[in-house]
Each structure stands twice: as C-alpha cells, then as structure tokens.
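**Student:** Provided below: work17.cif, containing mmCIF, C-alpha atoms.
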```cif
data_my_file
#
loop_
_atom_site.group_PDB
_atom_site.id
_atom_site.type_symbol
_atom_site.label_atom_id
_atom_site.label_comp_id
_atom_site.auth_asym_id
_atom_site.auth_seq_id
_atom_site.Cartn_x
_atom_site.Cartn_y
_atom_site.Cartn_z
ATOM 1 C CA MET A 1 -27.191 -95.490 -36.358
ATOM 2 C CA PRO A 2 -25.028 -92.619 -34.989
ATOM 3 C CA LYS A 3 -22.509 -95.153 -33.630
ATOM 4 C CA ARG A 4 -21.954 -96.554 -37.117
ATOM 5 C CA LEU A 5 -21.347 -93.082 -38.496
ATOM 6 C CA VAL A 6 -18.766 -92.349 -35.813
ATOM 7 C CA LEU A 7 -17.016 -95.659 -36.494
ATOM 8 C CA PHE A 8 -17.007 -94.984 -40.246
ATOM 9 C CA VAL A 9 -15.570 -91.497 -39.752
ATOM 10 C CA SER A 10 -12.883 -92.878 -37.444
ATOM 11 C CA LEU A 11 -11.892 -95.626 -39.881
ATOM 12 C CA ALA A 12 -11.907 -93.202 -42.809
ATOM 13 C CA SER A 13 -9.551 -90.891 -40.979
ATOM 14 C CA LEU A 14 -7.091 -93.757 -40.459
ATOM 15 C CA ALA A 15 -6.980 -94.462 -44.176
ATOM 16 C CA ALA A 16 -6.501 -90.840 -45.215
ATOM 17 C CA PRO A 17 -3.013 -89.371 -45.648
ATOM 18 C CA ALA A 18 -1.789 -87.221 -42.792
ATOM 19 C CA PHE A 19 -0.738 -84.363 -45.067
ATOM 20 C CA ALA A 20 -2.575 -83.236 -48.181
ATOM 21 C CA VAL A 21 -0.584 -82.763 -51.370
ATOM 22 C CA ASP A 22 -1.197 -79.759 -53.569
ATOM 23 C CA PRO A 23 -2.700 -80.958 -56.899
ATOM 24 C CA ALA A 24 0.013 -79.228 -58.966
ATOM 25 C CA ILE A 25 2.769 -80.868 -56.913
ATOM 26 C CA LYS A 26 0.995 -84.239 -57.143
ATOM 27 C CA LYS A 27 0.902 -83.973 -60.934
ATOM 28 C CA GLN A 28 4.652 -83.318 -61.058
ATOM 29 C CA LEU A 29 5.437 -86.121 -58.599
ATOM 30 C CA GLU A 30 3.464 -88.616 -60.682
ATOM 31 C CA LYS A 31 5.930 -88.062 -63.550
ATOM 32 C CA LEU A 32 8.892 -89.295 -61.471
ATOM 33 C CA ASP A 33 10.125 -92.849 -61.015
ATOM 34 C CA PRO A 34 8.990 -94.370 -57.673
ATOM 35 C CA SER A 35 12.296 -93.969 -55.777
ATOM 36 C CA THR A 36 12.733 -90.341 -56.859
ATOM 37 C CA ARG A 37 9.052 -89.686 -56.090
ATOM 38 C CA LEU A 38 9.540 -91.069 -52.564
ATOM 39 C CA GLU A 39 12.507 -88.789 -51.906
ATOM 40 C CA GLN A 40 10.887 -85.701 -53.443
ATOM 41 C CA SER A 41 7.604 -86.243 -51.578
ATOM 42 C CA CYS A 42 9.450 -86.526 -48.277
ATOM 43 C CA ASP A 43 11.732 -83.552 -49.022
ATOM 44 C CA THR A 44 8.733 -81.417 -49.986
ATOM 45 C CA GLU A 45 6.811 -82.390 -46.863
ATOM 46 C CA ALA A 46 9.838 -81.734 -44.630
ATOM 47 C CA MET A 47 10.212 -78.282 -46.162
ATOM 48 C CA SER A 48 6.512 -77.562 -45.687
ATOM 49 C CA ARG A 49 6.445 -78.773 -42.081
ATOM 50 C CA ILE A 50 9.553 -76.829 -41.039
ATOM 51 C CA ASN A 51 8.057 -73.730 -42.657
ATOM 52 C CA LYS A 52 4.737 -74.144 -40.790
ATOM 53 C CA ASP A 53 6.193 -75.132 -37.410
ATOM 54 C CA SER A 54 7.313 -72.497 -34.959
ATOM 55 C CA THR A 55 11.014 -72.935 -35.734
ATOM 56 C CA GLY A 56 11.500 -69.525 -37.355
ATOM 57 C CA PHE A 57 13.064 -71.189 -40.401
ATOM 58 C CA LYS A 58 11.765 -70.534 -43.921
ATOM 59 C CA PRO A 59 13.182 -73.392 -45.988
ATOM 60 C CA ASP A 60 13.256 -73.151 -49.766
ATOM 61 C CA LYS A 61 15.250 -76.337 -50.443
ATOM 62 C CA VAL A 62 15.737 -79.753 -48.799
ATOM 63 C CA ILE A 63 18.332 -82.288 -49.932
ATOM 64 C CA ALA A 64 18.062 -85.799 -48.471
ATOM 65 C CA TYR A 65 21.567 -87.083 -49.324
ATOM 66 C CA THR A 66 24.113 -84.367 -48.499
ATOM 67 C CA PHE A 67 25.962 -85.940 -45.561
ATOM 68 C CA LYS A 68 24.736 -89.577 -45.735
ATOM 69 C CA ASP A 69 22.793 -91.585 -48.256
ATOM 70 C CA PRO A 70 19.111 -91.890 -47.385
ATOM 71 C CA ILE A 71 17.798 -95.338 -46.510
ATOM 72 C CA PRO A 72 14.678 -96.209 -48.497
ATOM 73 C CA GLY A 73 12.066 -98.753 -47.452
ATOM 74 C CA ASP A 74 8.998 -99.925 -49.339
ATOM 75 C CA ASN A 75 7.025 -96.822 -48.354
ATOM 76 C CA SER A 76 9.515 -95.019 -46.152
ATOM 77 C CA LEU A 77 12.680 -92.976 -46.230
ATOM 78 C CA ASP A 78 15.184 -92.321 -43.451
ATOM 79 C CA ALA A 79 17.397 -89.362 -44.253
ATOM 80 C CA PRO A 80 19.952 -89.002 -41.434
ATOM 81 C CA GLY A 81 22.255 -86.774 -43.499
ATOM 82 C CA ALA A 82 19.858 -84.286 -45.038
ATOM 83 C CA VAL A 83 20.133 -80.489 -45.156
ATOM 84 C CA PHE A 84 17.805 -77.595 -45.775
ATOM 85 C CA ARG A 85 18.366 -73.991 -46.822
ATOM 86 C CA SER A 86 16.644 -71.159 -44.978
ATOM 87 C CA LYS A 87 17.213 -67.449 -45.492
ATOM 88 C CA GLY A 88 20.463 -68.150 -47.363
ATOM 89 C CA ASP A 89 22.001 -70.542 -44.822
ATOM 90 C CA TRP A 90 22.162 -74.338 -44.799
ATOM 91 C CA TYR A 91 21.280 -76.465 -41.749
ATOM 92 C CA HIS A 92 21.744 -80.124 -40.916
ATOM 93 C CA LEU A 93 18.499 -82.101 -40.967
ATOM 94 C CA SER A 94 17.542 -85.639 -40.113
ATOM 95 C CA TYR A 95 14.115 -87.012 -40.952
ATOM 96 C CA ASN A 96 12.135 -90.184 -41.320
ATOM 97 C CA CYS A 97 9.123 -90.268 -43.551
ATOM 98 C CA ILE A 98 6.368 -92.758 -44.300
ATOM 99 C CA THR A 99 4.271 -92.456 -47.451
ATOM 100 C CA GLY A 100 1.422 -94.323 -49.068
ATOM 101 C CA PRO A 101 2.163 -96.979 -51.690
ATOM 102 C CA GLN A 102 2.251 -94.436 -54.537
ATOM 103 C CA HIS A 103 4.936 -92.447 -52.645
ATOM 104 C CA ILE A 104 2.953 -89.220 -53.012
ATOM 105 C CA ASN A 105 0.974 -88.768 -49.802
ATOM 106 C CA VAL A 106 3.125 -88.496 -46.697
ATOM 107 C CA ARG A 107 1.450 -90.277 -43.792
ATOM 108 C CA GLU A 108 4.040 -89.563 -41.124
ATOM 109 C CA LEU A 109 7.097 -87.334 -40.878
ATOM 110 C CA ASN A 110 9.468 -86.803 -37.971
ATOM 111 C CA TYR A 111 12.422 -84.485 -38.217
ATOM 112 C CA GLU A 112 15.232 -82.985 -36.201
ATOM 113 C CA ILE A 113 17.057 -79.786 -37.121
ATOM 114 C CA GLY A 114 20.782 -79.687 -36.466
ATOM 115 C CA GLU A 115 23.483 -77.056 -36.545
ATOM 116 C CA LYS A 116 24.116 -74.521 -39.281
ATOM 117 C CA VAL A 117 26.554 -75.755 -41.923
ATOM 118 C CA PRO A 118 29.576 -73.408 -41.930
ATOM 119 C CA ARG A 119 29.905 -71.548 -45.233
ATOM 120 C CA GLU A 120 33.488 -72.781 -45.667
ATOM 121 C CA LYS A 121 32.116 -76.363 -45.990
ATOM 122 C CA TRP A 122 29.538 -75.549 -48.671
ATOM 123 C CA ASP A 123 31.822 -76.308 -51.622
ATOM 124 C CA LYS A 124 32.794 -79.686 -50.187
ATOM 125 C CA TYR A 125 29.128 -80.725 -49.993
ATOM 126 C CA TYR A 126 27.978 -78.969 -53.190
ATOM 127 C CA LEU A 127 25.799 -76.484 -51.313
ATOM 128 C CA TYR A 128 25.047 -73.156 -52.947
ATOM 129 C CA ASP A 129 23.426 -69.747 -52.431
#
```
Please re-express this file's structure in structure tokens.

**Tutor:**
Amino acid sequence: MPKRLVLFVSLASLAAPAFAVDPAIKKQLEKLDPSTRLEQSCDTEAMSRINKDSTGFKPDKVIAYTFKDPIPGDNSLDAPGAVFRSKGDWYHLSYNCITGPQHINVRELNYEIGEKVPREKWDKYYLYD
C-alpha cells in the first residue's frame, strides 16, 4: 500500500504547475484573450522569479516585445527581445516559458538577464520611468 501512495504523489506532482498563481492575478488573467493571457502569465512569472532569485534586481515591469517580437507556441512563449525595469533602470531580458493549456499556470520558465539599456535609447524603444 505505501508504494501506491508514493507513486500517486509522484504522478500528482508531475501534473501540478511548477509555479502557483495568486488567486487575484488568476482572476484578472482569465479575463484576457488566450494570446494576451499567455504573454502576461509569462511576464508576471519572469518578474516574480527575478525578484525571488539572488540577482539583486527588483523588477516592477516586464515587456516581452521591446527588441524582438515574442514567438508563441501552443502553450509556450519565447521572448528573446524582452526587457524588465528594476529600481528605475531597464535591462535586456530573454526568456522561454511553458504554460498549461489555459495559459495561466507557468510550468517552466528559463531566463537570461542582459545588459542595462542606456537611458538615451529609452525613447526609441518606448521605455519610461
């Protein structure tokens, strides 16, 4: 009997999303069309992960499409030209994100932080304080 319980727990953990979504955020995401929901879910998770990781950054905004258009898949988004704002500065960001079929729960997220975007380029890319 204990072996079955262990197997059930293991299988259940594979089906669960990797990152829990706050109920208030989930409610707002559900109001969006699927493609916007995918992008917003991934942007929100990227912001949360960067904030929690030991990078020292405190992002308050992520934009997936600043330098290159993101590439959507059925349940995924590659954003090679993203940016995020932290402590008043903007930084290059690249991420790939996999969600569940509802595009709310992020199952996997990988990201790479790039260089700071020079302030003199902000206007060109519609970045702001």

**Student:** Quick one: residues within 7 Å of Pro80 (chain A), all atoms listed in the file, excluding same-chain residues fewer than 5 positions away - as a PyMOL selection string?

**Tutor:** chain A and resi 68+70+94-95

**Student:** Measuring between all atoms listed in the file, which one of A:Pro118, A:Pro72, A:Gly56, A:Pro34 shows the shortest distance to Gln102 (chain A)?

**Tutor:**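 That would be A:Pro34, the residue with the smallest distance to Gln102 (chain A).
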
**Student:** Evaluate the PyMOL selection byres ((chain A and resi 106-116) around 10) and record the selected residues as a ChimeraX atom specification, following the chain and residue labels used in the document.

**Tutor:** /A:14-21,38,41-42,44-46,49-50,55,75-80,82-86,89-105,117-119

**Student:** To one decimal place in Å, what is the distance between CA of Lys61 (chain A) and CA of Gly88 (chain A)?

**Tutor:** 10.2 Å

**Student:** Just give me the gap between CA of Ile25 (chain A) and CA of Tyr125 (chain A) in Å, one decimal is fine.

**Tutor:**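 A separation of 27.3 Å between them.
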
**Student:** Quick one: distance from CA of Asp43 (chain A) to CA of Leu127 (chain A) in Å, one decimal?

**Tutor:**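 These two atoms are separated by 15.9 Å.
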
**Student:** First collect every listed atom of region 47-63 of chain A; then fit an axis-aligned box around them, widen it by 3 Å on each side, and give centre and edge lengths in Å to one decimal, as AutoDock Vina command-line options.

**Tutor:**
```
--center_x 11.5 --center_y -75.9 --center_z -42.7 --size_x 19.6 --size_y 18.8 --size_z 21.5
```
